[in-house]
Structures are given as structure tokens and as C-alpha cells.
Amino acid sequence: MERGTRTRTYGGALALLLGAALITGCAGSSPDGAESSVDRSTGSGGPAGGKQPPPAAPEQREDADGAAKDSGTRESVAPDYLSTFALDVDTASYGYARRTLGDGQLPAPDTVRPEEFVNSFRQGYRTPKGNGFSVTVDGARPGAGATDWSLVRVGLATGPAAATGERPPAALTFVVDISGSMAEPGRLDLARTSLGILADELRDDDSVSLVTFSDEAETRLPMTRLGGNRTKVRDAIEEMRPADSTNVAAGVERGYDEAVEGHRKGATNRVVLLSDALANTGETDADAILERIGDAREEYGITLFGVGVGSDYGDELMERLTNKGDGNTTYIADESQARKVFVDQLPAHLDLRARDAKAQVAFDRGTVQQFRLIGYENRKVADEDFRDDGVDGGEVGPGHTVTALYAVRLRAGASGHVATATVRWLDPGTREAHEATGSVKTGAVDGKLWGEAGARLQVTAVAAYFADTLRGGDLPGTPALGELAERARTLAVSTEDSSVQKLATMIEQADRLSNGDEPPGRGNEGEVG
């Protein structure tokens with residue numbers, strides 16, 4: 001739980017050293033063992049503002065007593081007990097898993113990212129004051145053969161979006177895959193529907209351009225204000241038809257050229273890529289593609305929003321493009337999901353509250369024996385780069401929540417401070433660096449998870465355990481799929497949340513497929529729930 005926030009500006013090496021001490025010493029405790037958050041402005045970002053690197057983690061990973069670990073809970077690192085990662089608001093992995101299970105198949109383990117399963121569900125974190133983050137740290141014990149383990153949840157939330165008329169105007173470049181593979185149902189037809197929905201939701205002072213690509217890229221519509229031109233925009237969208245090969249590089253490069261050409265100062269300038277990401281022509285490596293448009297990203301601050309479609313989907317390429325392209329990705333399987341993304345969640349995709357956001361969790365070696373971050377493998381950041389604002393982080397819009405879940409093994413009889421979580425981000429307009437912190441004590445992670453912890457924490461645990469099972473993990477305390485499905489059904493009733501009901505259906509489907517049973521007939525092609 002958090003109390004009021006404080007803001008402080010500090011600069012120079014001495015002030016930064018004091019600031020580091022404040023991260024662990026400045027938060028006041030609350031009765032349940034969770035501690036307050038502290039929000040501080042750090043001045044201009046990067047080493048010039050004063051970088052205070054924590055101790056570098058050695059290559060060999062050890063437990064708290066110094067014994068080398070080859071597997072299992074190898075995340076407990078001597079000597080710093082730090083966990084650092086870039087924030088991630090992607091949900092594509094969960095959406096694609098839902099589509100794959102709906103098609104009667106288990107998702108490939110390498111497409112399952114637990115953080116994207118967890119971040120697909122509402123969390124109910126405290127709304128921050130201002131445009132920063134709130135920090136919530138809590139947890140519970142799962143039991144079930146893991147009585148000395150706790151799940152610790154680090155929750156970050158940005159404030160809600162401003163009213164539609166109050167947000168900055170948007171300048172969006174649609175980059176649409178019209179290759180042959182997009183001819184299948186649920187691909188180009190869904191892309192046209194999605195863009196039509198989005199165009200209807202945009203304001204008259206917003207602008208859009210349209211680029212299509214197959215073996216080559218073509219500009220179908222230069223940057224055009226919506227006011228007085230909606231029919232023109234809709235016609236350009238409806239005229240898209242499938243063609244030949246998939247040259248993602250050509251599409252992205254042309255799209256960024258158009259975004260630079262139509263760049264609007266003070267607006268949200270974003271490239272929206274809709275594709276199955278099955279690149280087979282031209283450059284197919286994400287890093288090489290992004291290198292071509294590096295100047296547009298860095299000089300003009302243009303971000304990338306990836307929207308994946310299709311039952312056969314290039315998840316790895318799209319994930320890499322958006323992670324390195326200062327953006328995020330989602331996956332849509334039908335029109336209802338398109339409306340969720342482009343209507344319900346539109347403000348979160350059109351505005352930014354934080355650039356290059358990173359989180360660092362410092363565990364207390366006096367109470368923690370081992371810890372393990374669940375997911376975020378491709379978002380890890382070197383501990384010493386946490387306060388280096390030149391190192392890429394994540395971009396986060398309004399109304400977003402980011403959750404990191406840890407399996408934590410406490411020392412026998414441990415009592416007191418467990419961990420302090422710090423989030424650092426740059427203001428999108430001023431590029432000033434800010435930090436907020438939250439801490440947790442043993443009393444806030446010692447209760448029973450199932451049936452006693454908050455419903456949203458239980459949903460988070462179900463989603464994380466499900467994802468870890470799908471990718472063949474071994475988290476302590478993981479229930480069998482049948483038990484997970486039952487817990488999800490119960491939670492769907494108590495939360496009155498249809499998305500949790502769909503999660504339960506997904507788990508049941510995965511359980512049947514894992515046991516070799518024939519899946520039952522489904523009402524909606526391409527999805528479960």
C-alpha cells in the first residue's frame with residue numbers, strides 16, 4: 001500500500017548517492033507491511049544528470065549463501081540482489097495463445113511470454129498523482145508444496161487518459177501488409193475493418209497516412225487531416241487488396257519516411273504496423289530493419305505500434321521490432337478484439353506518459369534467500385544501466401498497468417523488509433527523468449494466496465502459472481491445469497470479469513490438449529471463450 005508522494009530534485013554525484021540511500025530508507029511503513037511510494041524528479045536524464053550504478057552482477061549466479069546454481073532459482077545474484085528490466089505493456093503473446101488454442105493447438109513454448117499474459121488483465125492499482133507512476137508491492141504464499149515461497153507482485157500504473165478533446169492531436173502512419181499470406185480470412189479483411197474502426201474514432205484534427213507493402217512498398221495516402229477527408233481515408237483503406245511477397249523492411253522504411261514527411265510538432269507521431277509478420281522478401285532481421293529508420297526514431301521521436309493478425313503469425317519478428325522500435329504490440333483475432341484495441345484502449349495507444357521506462361527491484365539479503373522473475377527474459381537490462389537514460393527502456397501510455405511477478409523464497413524466520421521497487425522514466429515532452437519507489441515487508445507477502453489474497457492478485461497468479469506451464473516451466477507451487485481452471489472459474493464469478501472467464505476456458509482447452517483429448521466444438525472460429 002502507498003501513502004502520499006514526495007517530489008525531490010537532485011543532481012551531482014553526492015546528491016545521487018544520498019538519493020540511492022533514500023530509495024531504501026525514505027519510505028514509511030504501513031500496518032500490513034507494505035510501504036509508501038516516493039516520487040522524485042532527477043533532473044535531465046542520463047549520465048550527465050549523475051549516474052549512480054549499482055554493483056555489477058557477476059557472470060556466475062549464486063544463492064544467498066554463495067553456492068553456485070546451474071538451474072532453477074538462478075536469479076538470486078551475488079553481490080547486488082538486483083533485478084532490472086525495461087517496462088513492457090505488450091499483450092500479443094496472450095492474444096495469440098488464445099487464437100492458437102481456439103484452433104485446437106497448444107501454443108509453441110517460445111511464443112509464450114508470462115508478462116504479456118499477466119498484463120492482459122485488470123489489476124486495480126492505485127492511480128498516481130500527476131503524470132507519473134504509482135508503485136504497489138504486495139504478495140502471498142501459494143502453499144501446495146512451496147510453503148517457504150511467496151509470490152511478490154510489483155505493480156506499476158499510469159493515470160487515466162485525458163478527455164478525448166484534451167489529448168494532443170495524433171499523426172498516424174498506417175503500414176499495412178497486403179502480401180499473399182494476408183489473403184486468408186482474419187488477416188487483410190480484419191486489418192481493413194480495424195483501420196476503419198480507428199479512423200472513425202479519430203478527431204478531425206488528427207492526421208493519417210497509408211502505406212501498403214508486399215514485395216515493394218507504396219504510399220496510398222500521404223498525411224491527411226481527418227476533418228473533411230474521412231471519405232477519402234475510408235476509400236483508401238477499402239481499396240487494399242492482397243498481392244505477392246512480404247517485404248516488411250520496405251513497408252517499415254517507407255512508413256517511417258511518410259511519418260517524417262508528415263511529422264507534426266506537439267502531436268503524437270506514431271507508425272501503426274498491421275501484419276502477420278511473415279517476412280520472406282528483402283531484409284528479414286528486425287535489428288537490421290530498425291537500423292534503417294534509426295534517425296526517424298531518435299530525431300523525431302516516432303514510435304511503433306504493432307498489431308498482429310493471422311493464425312500463422314511471425315511473433316518473434318513483431319516482438320523484436322516493437323521492443324527496439326520504442327513501442328508495443330498487440331494481437332487481434334476478430335472484430336470484437338479490434339474494437340477493444342482501437343476504441344476502448346485507443347487513448348493508451350495515442351498518447352505517451354513515459355519514455356524509456358525501466359524498473360529495478362532490490363531484494364533484501366537479510367530476509368530473501370532466492371528470487372526469480374517470471375518472464376521479461378527479452379526485456380532484461382544490466383543493473384548498472386538502470387539510471388543510464390541512453391539505454392533503451394519501454395514506452396508507456398495513459399491508463400496502462402505493468403506487473404512483474406516474482407517467486408521469492410524467504411529465509412527461515414525472516415521478518416522485516418523484503419524488497420524495494422523503483423521505476424525510472426523520462427517525461428515524453430521535457431525528457432526530464434523521474435523515479436518512484438515502493439517497498440514491501442514480510443507481513444504483506446505472508447498470507448495465503450488462494451481464497452484469502454485479493455482477487456486481482458489471484459488472477460495474476462493464475463495467468464502467470466498458466467503461461468509458465470505452457471512453456472514447460474517449473475515455478476514453485478504451480479497447480480495442475482485442472483485446478484487452475486477451477487480457480488479461474490471461481491475468480492470469474494467473484495470479479496464479474498468476462499476476461500477471466502475466457503482465461504478459464506483457455507486453461508481447460510490446454511488441459512484437454514495436453515492430455516491428448518479431442519477439443520469440443522467451439523462457437524467462434526479462431527478463439528476460445
# chains A, B, ... in the order shown; residues from 1 in each chain; ligands from 1
>>> select_by_dssp(residues="range 148-321 of chain A", states="strand (DSSP E or B)", output="PyMOL selection string")
chain A and resi 149-158+170-177+207-213+217-225+268-275+303-308
>>> residues_around(residues="range 197-208 of chain A", least_positions_apart="6", cutoff="10 Å", atoms="only C-alpha atoms", output="ChimeraX atom specification")
/A:164-165,168-174,191,221-230,233-234,237,258-259,262-264,267-271,335,338-339,341-343,346,350
>>> residues_around(residues="Glu483 in chain A", least_positions_apart="2", cutoff="12 Å", atoms="only C-alpha atoms", output="list of chain:residue names")
A:Ala144, A:Trp450, A:Val462, A:Tyr465, A:Phe466, A:Gly477, A:Thr478, A:Pro479, A:Ala480, A:Leu481, A:Ala485, A:Glu486, A:Arg487, A:Ala488, A:Arg489, A:Thr490, A:Ala504, A:Ile507, A:Glu508, A:Asp511
>>> select_by_dssp(residues="range 85-122 of chain A", states="helix (DSSP H, G or I)", output="number ranges by chain")
A: 92-102, 109-111, 114-118
>>> atom_distance(atom1="CA of Gln370 in chain A", atom2="CA of Leu475 in chain A")
12.7 Å
>>> residues_around(residues="Ile178 in chain A", least_positions_apart="5", cutoff="8 Å", atoms="only C-alpha atoms", output="list of chain:residue names")
A:Ala183, A:Leu188, A:Thr212, A:Phe213, A:Ser214, A:Met240, A:Arg241, A:Pro242, A:Ala243, A:Asp244, A:Thr246
>>> atom_distance(atom1="CA of Val152 in chain A", atom2="CA of Ser120 in chain A")
18.2 Å
>>> residues_around(residues="Gly95 in chain A", least_positions_apart="6", cutoff="12 Å", atoms="only C-alpha atoms", output="ChimeraX atom specification")
/A:101-102,107,111-113,116-121,307-311,313,315,329-334,337-338,341,499,502-503,506,526-529
>>> write_last_selection(atoms="N, CA, C and O atoms", output="tab-separated table (two decimals), in the first residue's frame")
chain	number	residue	atom	x	y	z
A	101	LEU	N	-5.06	-21.81	-29.25
A	101	LEU	CA	-5.87	-22.78	-28.52
A	101	LEU	C	-7.25	-22.92	-29.16
A	101	LEU	O	-7.81	-24.02	-29.23
A	102	GLY	N	-7.79	-21.81	-29.65
A	102	GLY	CA	-9.08	-21.86	-30.33
A	102	GLY	C	-9.02	-22.67	-31.61
A	102	GLY	O	-10.04	-23.22	-32.05
A	107	PRO	N	0.00	-23.55	-27.94
A	107	PRO	CA	0.95	-22.58	-28.48
A	107	PRO	C	2.38	-23.07	-28.34
A	107	PRO	O	2.71	-23.80	-27.39
A	111	THR	N	6.61	-18.83	-28.00
A	111	THR	CA	5.71	-17.69	-28.22
A	111	THR	C	5.01	-17.26	-26.93
A	111	THR	O	4.23	-16.31	-26.95
A	112	VAL	N	5.26	-17.97	-25.84
A	112	VAL	CA	4.57	-17.70	-24.57
A	112	VAL	C	5.46	-16.80	-23.71
A	112	VAL	O	6.56	-17.20	-23.31
A	113	ARG	N	4.96	-15.61	-23.40
A	113	ARG	CA	5.67	-14.68	-22.53
A	113	ARG	C	4.77	-14.36	-21.34
A	113	ARG	O	3.76	-13.66	-21.49
A	116	GLU	N	3.15	-10.94	-20.63
A	116	GLU	CA	2.08	-10.48	-21.51
A	116	GLU	C	0.75	-11.15	-21.18
A	116	GLU	O	-0.31	-10.59	-21.43
A	117	PHE	N	0.80	-12.34	-20.60
A	117	PHE	CA	-0.41	-12.96	-20.06
A	117	PHE	C	-0.90	-12.13	-18.88
A	117	PHE	O	-2.07	-11.75	-18.79
A	118	VAL	N	0.00	-11.85	-17.95
A	118	VAL	CA	-0.36	-11.10	-16.74
A	118	VAL	C	-0.87	-9.71	-17.08
A	118	VAL	O	-1.88	-9.23	-16.53
A	119	ASN	N	-0.20	-9.02	-18.02
A	119	ASN	CA	-0.57	-7.65	-18.34
A	119	ASN	C	-1.84	-7.54	-19.17
A	119	ASN	O	-2.29	-6.44	-19.49
A	120	SER	N	-2.45	-8.68	-19.50
A	120	SER	CA	-3.72	-8.68	-20.24
A	120	SER	C	-4.93	-8.51	-19.32
A	120	SER	O	-6.06	-8.41	-19.80
A	121	PHE	N	-4.69	-8.46	-18.00
A	121	PHE	CA	-5.81	-8.40	-17.05
A	121	PHE	C	-5.74	-7.16	-16.18
A	121	PHE	O	-4.67	-6.64	-15.87
A	307	VAL	N	0.40	-4.39	-34.63
A	307	VAL	CA	-0.86	-5.12	-34.47
A	307	VAL	C	-0.75	-6.41	-35.29
A	307	VAL	O	-0.69	-6.37	-36.52
A	308	GLY	N	-0.68	-7.54	-34.60
A	308	GLY	CA	-0.53	-8.82	-35.27
A	308	GLY	C	-1.87	-9.45	-35.61
A	308	GLY	O	-2.84	-9.31	-34.87
A	309	VAL	N	-1.91	-10.14	-36.76
A	309	VAL	CA	-3.11	-10.85	-37.20
A	309	VAL	C	-2.69	-12.19	-37.79
A	309	VAL	O	-1.53	-12.39	-38.15
A	310	GLY	N	-3.66	-13.11	-37.92
A	310	GLY	CA	-3.42	-14.37	-38.62
A	310	GLY	C	-3.09	-15.53	-37.69
A	310	GLY	O	-2.42	-15.36	-36.67
A	311	SER	N	-3.57	-16.73	-38.06
A	311	SER	CA	-3.30	-17.92	-37.26
A	311	SER	C	-1.84	-18.34	-37.34
A	311	SER	O	-1.29	-18.91	-36.40
A	313	TYR	N	1.57	-16.62	-37.45
A	313	TYR	CA	1.95	-15.25	-37.11
A	313	TYR	C	3.43	-15.20	-36.74
A	313	TYR	O	3.91	-16.03	-35.96
A	315	ASP	N	5.51	-13.98	-34.62
A	315	ASP	CA	5.56	-13.36	-33.29
A	315	ASP	C	6.93	-12.79	-32.96
A	315	ASP	O	7.05	-11.69	-32.45
A	329	THR	N	3.16	-3.98	-28.81
A	329	THR	CA	2.44	-4.80	-29.78
A	329	THR	C	1.25	-5.49	-29.13
A	329	THR	O	1.25	-5.76	-27.92
A	330	THR	N	0.24	-5.72	-29.94
A	330	THR	CA	-0.92	-6.48	-29.50
A	330	THR	C	-1.31	-7.43	-30.63
A	330	THR	O	-0.74	-7.39	-31.72
A	331	TYR	N	-2.27	-8.29	-30.37
A	331	TYR	CA	-2.72	-9.26	-31.37
A	331	TYR	C	-4.24	-9.25	-31.37
A	331	TYR	O	-4.87	-9.24	-30.31
A	332	ILE	N	-4.83	-9.25	-32.57
A	332	ILE	CA	-6.28	-9.29	-32.67
A	332	ILE	C	-6.69	-10.45	-33.56
A	332	ILE	O	-6.07	-10.73	-34.58
A	333	ALA	N	-7.76	-11.14	-33.15
A	333	ALA	CA	-8.24	-12.30	-33.90
A	333	ALA	C	-9.59	-12.06	-34.55
A	333	ALA	O	-10.00	-12.82	-35.42
A	334	ASP	N	-10.31	-11.02	-34.11
A	334	ASP	CA	-11.64	-10.78	-34.66
A	334	ASP	C	-12.04	-9.32	-34.46
A	334	ASP	O	-11.29	-8.53	-33.87
A	337	GLN	N	-12.17	-7.89	-30.82
A	337	GLN	CA	-10.87	-7.53	-30.26
A	337	GLN	C	-10.35	-6.25	-30.92
A	337	GLN	O	-9.68	-5.44	-30.28
A	338	ALA	N	-10.64	-6.08	-32.22
A	338	ALA	CA	-10.24	-4.83	-32.89
A	338	ALA	C	-10.91	-3.64	-32.23
A	338	ALA	O	-10.28	-2.58	-32.04
A	341	VAL	N	-9.18	-2.80	-28.95
A	341	VAL	CA	-7.90	-2.12	-29.12
A	341	VAL	C	-8.08	-0.70	-29.63
A	341	VAL	O	-7.47	0.25	-29.13
A	499	SER	N	-13.24	-11.45	-19.03
A	499	SER	CA	-11.90	-11.83	-19.50
A	499	SER	C	-11.33	-12.96	-18.64
A	499	SER	O	-10.57	-13.80	-19.14
A	502	LYS	N	-12.90	-16.14	-19.87
A	502	LYS	CA	-12.22	-16.62	-21.08
A	502	LYS	C	-10.88	-17.27	-20.74
A	502	LYS	O	-10.46	-18.23	-21.39
A	503	LEU	N	-10.20	-16.74	-19.72
A	503	LEU	CA	-8.96	-17.37	-19.27
A	503	LEU	C	-9.23	-18.79	-18.78
A	503	LEU	O	-8.47	-19.72	-19.10
A	506	MET	N	-9.62	-21.04	-21.73
A	506	MET	CA	-8.32	-21.32	-22.33
A	506	MET	C	-7.59	-22.42	-21.57
A	506	MET	O	-6.99	-23.32	-22.17
A	526	GLY	N	-11.31	-19.55	-34.35
A	526	GLY	CA	-10.08	-18.80	-34.12
A	526	GLY	C	-9.90	-18.27	-32.71
A	526	GLY	O	-8.92	-17.60	-32.45
A	527	GLU	N	-10.77	-18.56	-31.77
A	527	GLU	CA	-10.56	-18.12	-30.41
A	527	GLU	C	-11.34	-19.01	-29.47
A	527	GLU	O	-12.25	-19.73	-29.88
A	528	VAL	N	-10.94	-18.99	-28.18
A	528	VAL	CA	-11.69	-19.70	-27.17
A	528	VAL	C	-12.31	-18.68	-26.24
A	528	VAL	O	-11.82	-17.58	-26.07
A	529	GLY	N	-13.37	-19.08	-25.57
A	529	GLY	CA	-14.01	-18.18	-24.61
A	529	GLY	C	-15.12	-17.39	-25.24
A	529	GLY	O	-15.35	-17.40	-26.42
>>> closest_atom_pairs(of="range 377-424 of chain A", to="range 361-364 of chain A", cutoff="6 Å", atoms="only C-alpha atoms", output="JSON lines")
{"residue": "A:Val418", "atom": "CA", "partner": "A:Asp364", "partner_atom": "CA", "distance": 5.3}
{"residue": "A:Ala419", "atom": "CA", "partner": "A:Phe363", "partner_atom": "CA", "distance": 4.3}
{"residue": "A:Thr420", "atom": "CA", "partner": "A:Ala362", "partner_atom": "CA", "distance": 5.3}
{"residue": "A:Ala421", "atom": "CA", "partner": "A:Val361", "partner_atom": "CA", "distance": 4.3}
>>> residues_around(residues="range 122-131 of chain A", least_positions_apart="6", cutoff="7 Å", atoms="only C-alpha atoms", output="JSON, numbers by chain")
{"A": [155, 157, 158, 159, 353, 456]}
>>> write_last_selection(atoms="C-alpha atoms", output="compact mmCIF listing (two decimals), in the first residue's frame")
# COMPACT_ATOMS: atom_id res chain seq x y z
CA GLY A 155 2.60 -3.26 -9.87
CA ALA A 157 0.25 2.17 -13.07
CA THR A 158 -0.08 5.39 -15.04
CA GLY A 159 -3.00 7.75 -14.65
CA ARG A 353 3.18 9.17 -20.31
CA ARG A 456 -6.83 -9.49 -8.69
>>> residues_around(residues="Phe305 in chain A", least_positions_apart="3", cutoff="6 Å", atoms="only C-alpha atoms", output="number ranges by chain")
A: 272, 327-329
>>> write_last_selection(atoms="N, CA, C and O atoms", output="PDB file, in the first residue's frame")
ATOM      1  N   VAL A 272       1.744   2.714 -37.203  1.00  0.00           N
ATOM      2  CA  VAL A 272       0.904   1.577 -36.815  1.00  0.00           C
ATOM      3  C   VAL A 272       1.091   0.479 -37.869  1.00  0.00           C
ATOM      4  O   VAL A 272       0.664   0.631 -39.013  1.00  0.00           O
ATOM      5  N   GLY A 327       8.050   1.036 -28.901  1.00  0.00           N
ATOM      6  CA  GLY A 327       6.609   0.863 -28.989  1.00  0.00           C
ATOM      7  C   GLY A 327       6.127  -0.371 -28.280  1.00  0.00           C
ATOM      8  O   GLY A 327       6.777  -0.889 -27.380  1.00  0.00           O
ATOM      9  N   ASN A 328       4.966  -0.837 -28.697  1.00  0.00           N
ATOM     10  CA  ASN A 328       4.383  -2.025 -28.091  1.00  0.00           C
ATOM     11  C   ASN A 328       3.573  -2.759 -29.143  1.00  0.00           C
ATOM     12  O   ASN A 328       3.360  -2.268 -30.251  1.00  0.00           O
ATOM     13  N   THR A 329       3.155  -3.978 -28.815  1.00  0.00           N
ATOM     14  CA  THR A 329       2.442  -4.798 -29.777  1.00  0.00           C
ATOM     15  C   THR A 329       1.253  -5.487 -29.129  1.00  0.00           C
ATOM     16  O   THR A 329       1.252  -5.759 -27.923  1.00  0.00           O
TER      17      THR A 329
END
>>> closest_residue(among="A:Asn323, A:Thr367, A:Asn247, A:Thr401", to="Gly413 in chain A", atoms="only C-alpha atoms")
A:Thr367
>>> atom_distance(atom1="CA of Thr284 in chain A", atom2="CA of Gly251 in chain A")
11.7 Å
>>> closest_atom_pairs(of="range 227-250 of chain A", to="range 288-300 of chain A", cutoff="9 Å", atoms="only C-alpha atoms", output="JSON lines")
{"residue": "A:Val248", "atom": "CA", "partner": "A:Ile289", "partner_atom": "CA", "distance": 8.3}
{"residue": "A:Ala249", "atom": "CA", "partner": "A:Ile289", "partner_atom": "CA", "distance": 5.4}
{"residue": "A:Ala250", "atom": "CA", "partner": "A:Ile289", "partner_atom": "CA", "distance": 8.6}
>>> write_last_selection(atoms="N, CA, C and O atoms", output="compact mmCIF listing (two decimals), in the first residue's frame")
# COMPACT_ATOMS: atom_id res chain seq x y z
N VAL A 248 8.60 -6.80 -45.22
CA VAL A 248 8.33 -5.97 -44.05
C VAL A 248 9.28 -4.78 -44.00
O VAL A 248 8.89 -3.65 -43.67
N ALA A 249 10.56 -5.01 -44.36
CA ALA A 249 11.55 -3.93 -44.29
C ALA A 249 11.14 -2.77 -45.18
O ALA A 249 11.22 -1.60 -44.77
N ALA A 250 10.69 -3.07 -46.40
CA ALA A 250 10.29 -2.00 -47.31
C ALA A 250 9.11 -1.23 -46.74
O ALA A 250 9.05 0.01 -46.83
>>> closest_residue(among="A:Ala436, A:Leu491, A:Met182, A:Leu156", to="Ala463 in chain A", atoms="only C-alpha atoms")
A:Leu491
>>> closest_residue(among="A:Ala140, A:Val211, A:Leu352, A:Leu405", to="Ala444 in chain A", atoms="only C-alpha atoms")
A:Ala140
>>> closest_residue(among="A:Val252, A:Leu106, A:Leu278, A:Ala161", to="Leu321 in chain A", atoms="only C-alpha atoms")
A:Val252
>>> decode(residues="range 374-413 of chain A", atoms="N, CA and C atoms", output="compact mmCIF listing (two decimals), in the first residue's frame")
# COMPACT_ATOMS: atom_id res chain seq x y z
N ILE A 374 9.43 -13.81 -13.13
CA ILE A 374 8.64 -14.65 -14.02
C ILE A 374 8.42 -13.90 -15.33
N GLY A 375 9.14 -14.31 -16.38
CA GLY A 375 9.05 -13.63 -17.67
C GLY A 375 10.06 -12.51 -17.80
N TYR A 376 9.83 -11.62 -18.76
CA TYR A 376 10.67 -10.47 -19.06
C TYR A 376 12.07 -10.86 -19.54
N GLU A 377 12.24 -12.09 -20.04
CA GLU A 377 13.56 -12.51 -20.48
C GLU A 377 14.15 -11.61 -21.56
N ASN A 378 13.30 -11.15 -22.48
CA ASN A 378 13.83 -10.31 -23.56
C ASN A 378 13.74 -8.82 -23.25
N ARG A 379 13.48 -8.50 -21.99
CA ARG A 379 13.42 -7.09 -21.57
C ARG A 379 14.44 -6.78 -20.47
N LYS A 380 15.35 -7.72 -20.23
CA LYS A 380 16.33 -7.50 -19.16
C LYS A 380 17.26 -6.34 -19.50
N VAL A 381 17.65 -5.63 -18.45
CA VAL A 381 18.58 -4.51 -18.55
C VAL A 381 19.69 -4.75 -17.53
N ALA A 382 20.92 -4.45 -17.90
CA ALA A 382 22.03 -4.58 -16.95
C ALA A 382 21.77 -3.69 -15.74
N ASP A 383 22.04 -4.21 -14.56
CA ASP A 383 21.76 -3.46 -13.34
C ASP A 383 22.41 -2.07 -13.36
N GLU A 384 23.64 -2.01 -13.87
CA GLU A 384 24.36 -0.73 -13.85
C GLU A 384 23.80 0.27 -14.86
N ASP A 385 22.89 -0.18 -15.76
CA ASP A 385 22.32 0.72 -16.75
C ASP A 385 20.95 1.28 -16.33
N PHE A 386 20.53 0.98 -15.12
CA PHE A 386 19.20 1.43 -14.70
C PHE A 386 19.06 2.94 -14.80
N ARG A 387 20.06 3.68 -14.36
CA ARG A 387 19.99 5.14 -14.39
C ARG A 387 20.73 5.75 -15.58
N ASP A 388 21.09 4.92 -16.53
CA ASP A 388 21.66 5.44 -17.78
C ASP A 388 20.50 5.63 -18.76
N ASP A 389 20.08 6.88 -18.93
CA ASP A 389 18.89 7.15 -19.74
C ASP A 389 19.15 7.04 -21.24
N GLY A 390 20.40 6.75 -21.62
CA GLY A 390 20.69 6.44 -23.00
C GLY A 390 20.41 4.99 -23.34
N VAL A 391 20.16 4.16 -22.34
CA VAL A 391 19.83 2.75 -22.55
C VAL A 391 18.33 2.61 -22.73
N ASP A 392 17.93 1.90 -23.76
CA ASP A 392 16.52 1.80 -24.13
C ASP A 392 15.68 1.17 -23.03
N GLY A 393 14.52 1.76 -22.79
CA GLY A 393 13.54 1.19 -21.88
C GLY A 393 12.23 0.96 -22.61
N GLY A 394 11.12 1.05 -21.91
CA GLY A 394 9.82 0.84 -22.52
C GLY A 394 9.01 2.12 -22.57
N GLU A 395 8.09 2.19 -23.52
CA GLU A 395 7.19 3.34 -23.65
C GLU A 395 5.83 2.96 -23.10
N VAL A 396 5.24 3.84 -22.29
CA VAL A 396 4.00 3.53 -21.60
C VAL A 396 3.03 4.68 -21.78
N GLY A 397 1.80 4.36 -22.18
CA GLY A 397 0.77 5.35 -22.36
C GLY A 397 -0.10 5.52 -21.12
N PRO A 398 -1.12 6.36 -21.20
CA PRO A 398 -2.02 6.57 -20.06
C PRO A 398 -2.90 5.36 -19.83
N GLY A 399 -3.29 5.15 -18.58
CA GLY A 399 -4.21 4.07 -18.25
C GLY A 399 -3.61 2.68 -18.35
N HIS A 400 -2.29 2.58 -18.42
CA HIS A 400 -1.63 1.27 -18.51
C HIS A 400 -1.23 0.79 -17.12
N THR A 401 -1.22 -0.52 -16.96
CA THR A 401 -0.60 -1.13 -15.79
C THR A 401 0.49 -2.08 -16.28
N VAL A 402 1.56 -2.16 -15.51
CA VAL A 402 2.66 -3.08 -15.78
C VAL A 402 2.90 -3.88 -14.52
N THR A 403 2.91 -5.20 -14.65
CA THR A 403 3.06 -6.07 -13.49
C THR A 403 4.25 -6.99 -13.67
N ALA A 404 5.08 -7.07 -12.66
CA ALA A 404 6.17 -8.04 -12.62
C ALA A 404 5.92 -8.95 -11.41
N LEU A 405 5.95 -10.23 -11.64
CA LEU A 405 5.69 -11.20 -10.59
C LEU A 405 6.97 -11.98 -10.30
N TYR A 406 7.30 -12.09 -9.03
CA TYR A 406 8.50 -12.81 -8.60
C TYR A 406 8.12 -13.99 -7.71
N ALA A 407 8.81 -15.10 -7.90
CA ALA A 407 8.79 -16.18 -6.91
C ALA A 407 9.94 -15.91 -5.95
N VAL A 408 9.62 -15.74 -4.67
CA VAL A 408 10.62 -15.33 -3.68
C VAL A 408 10.64 -16.34 -2.54
N ARG A 409 11.82 -16.83 -2.23
CA ARG A 409 11.99 -17.75 -1.10
C ARG A 409 12.61 -16.97 0.05
N LEU A 410 11.84 -16.85 1.12
CA LEU A 410 12.31 -16.11 2.28
C LEU A 410 13.17 -17.00 3.18
N ARG A 411 14.06 -16.41 3.90
CA ARG A 411 14.86 -17.15 4.88
C ARG A 411 13.97 -17.61 6.03
N ALA A 412 14.34 -18.69 6.64
CA ALA A 412 13.57 -19.22 7.76
C ALA A 412 13.49 -18.17 8.87
N GLY A 413 12.28 -17.88 9.33
CA GLY A 413 12.07 -16.93 10.41
C GLY A 413 12.29 -15.48 10.02
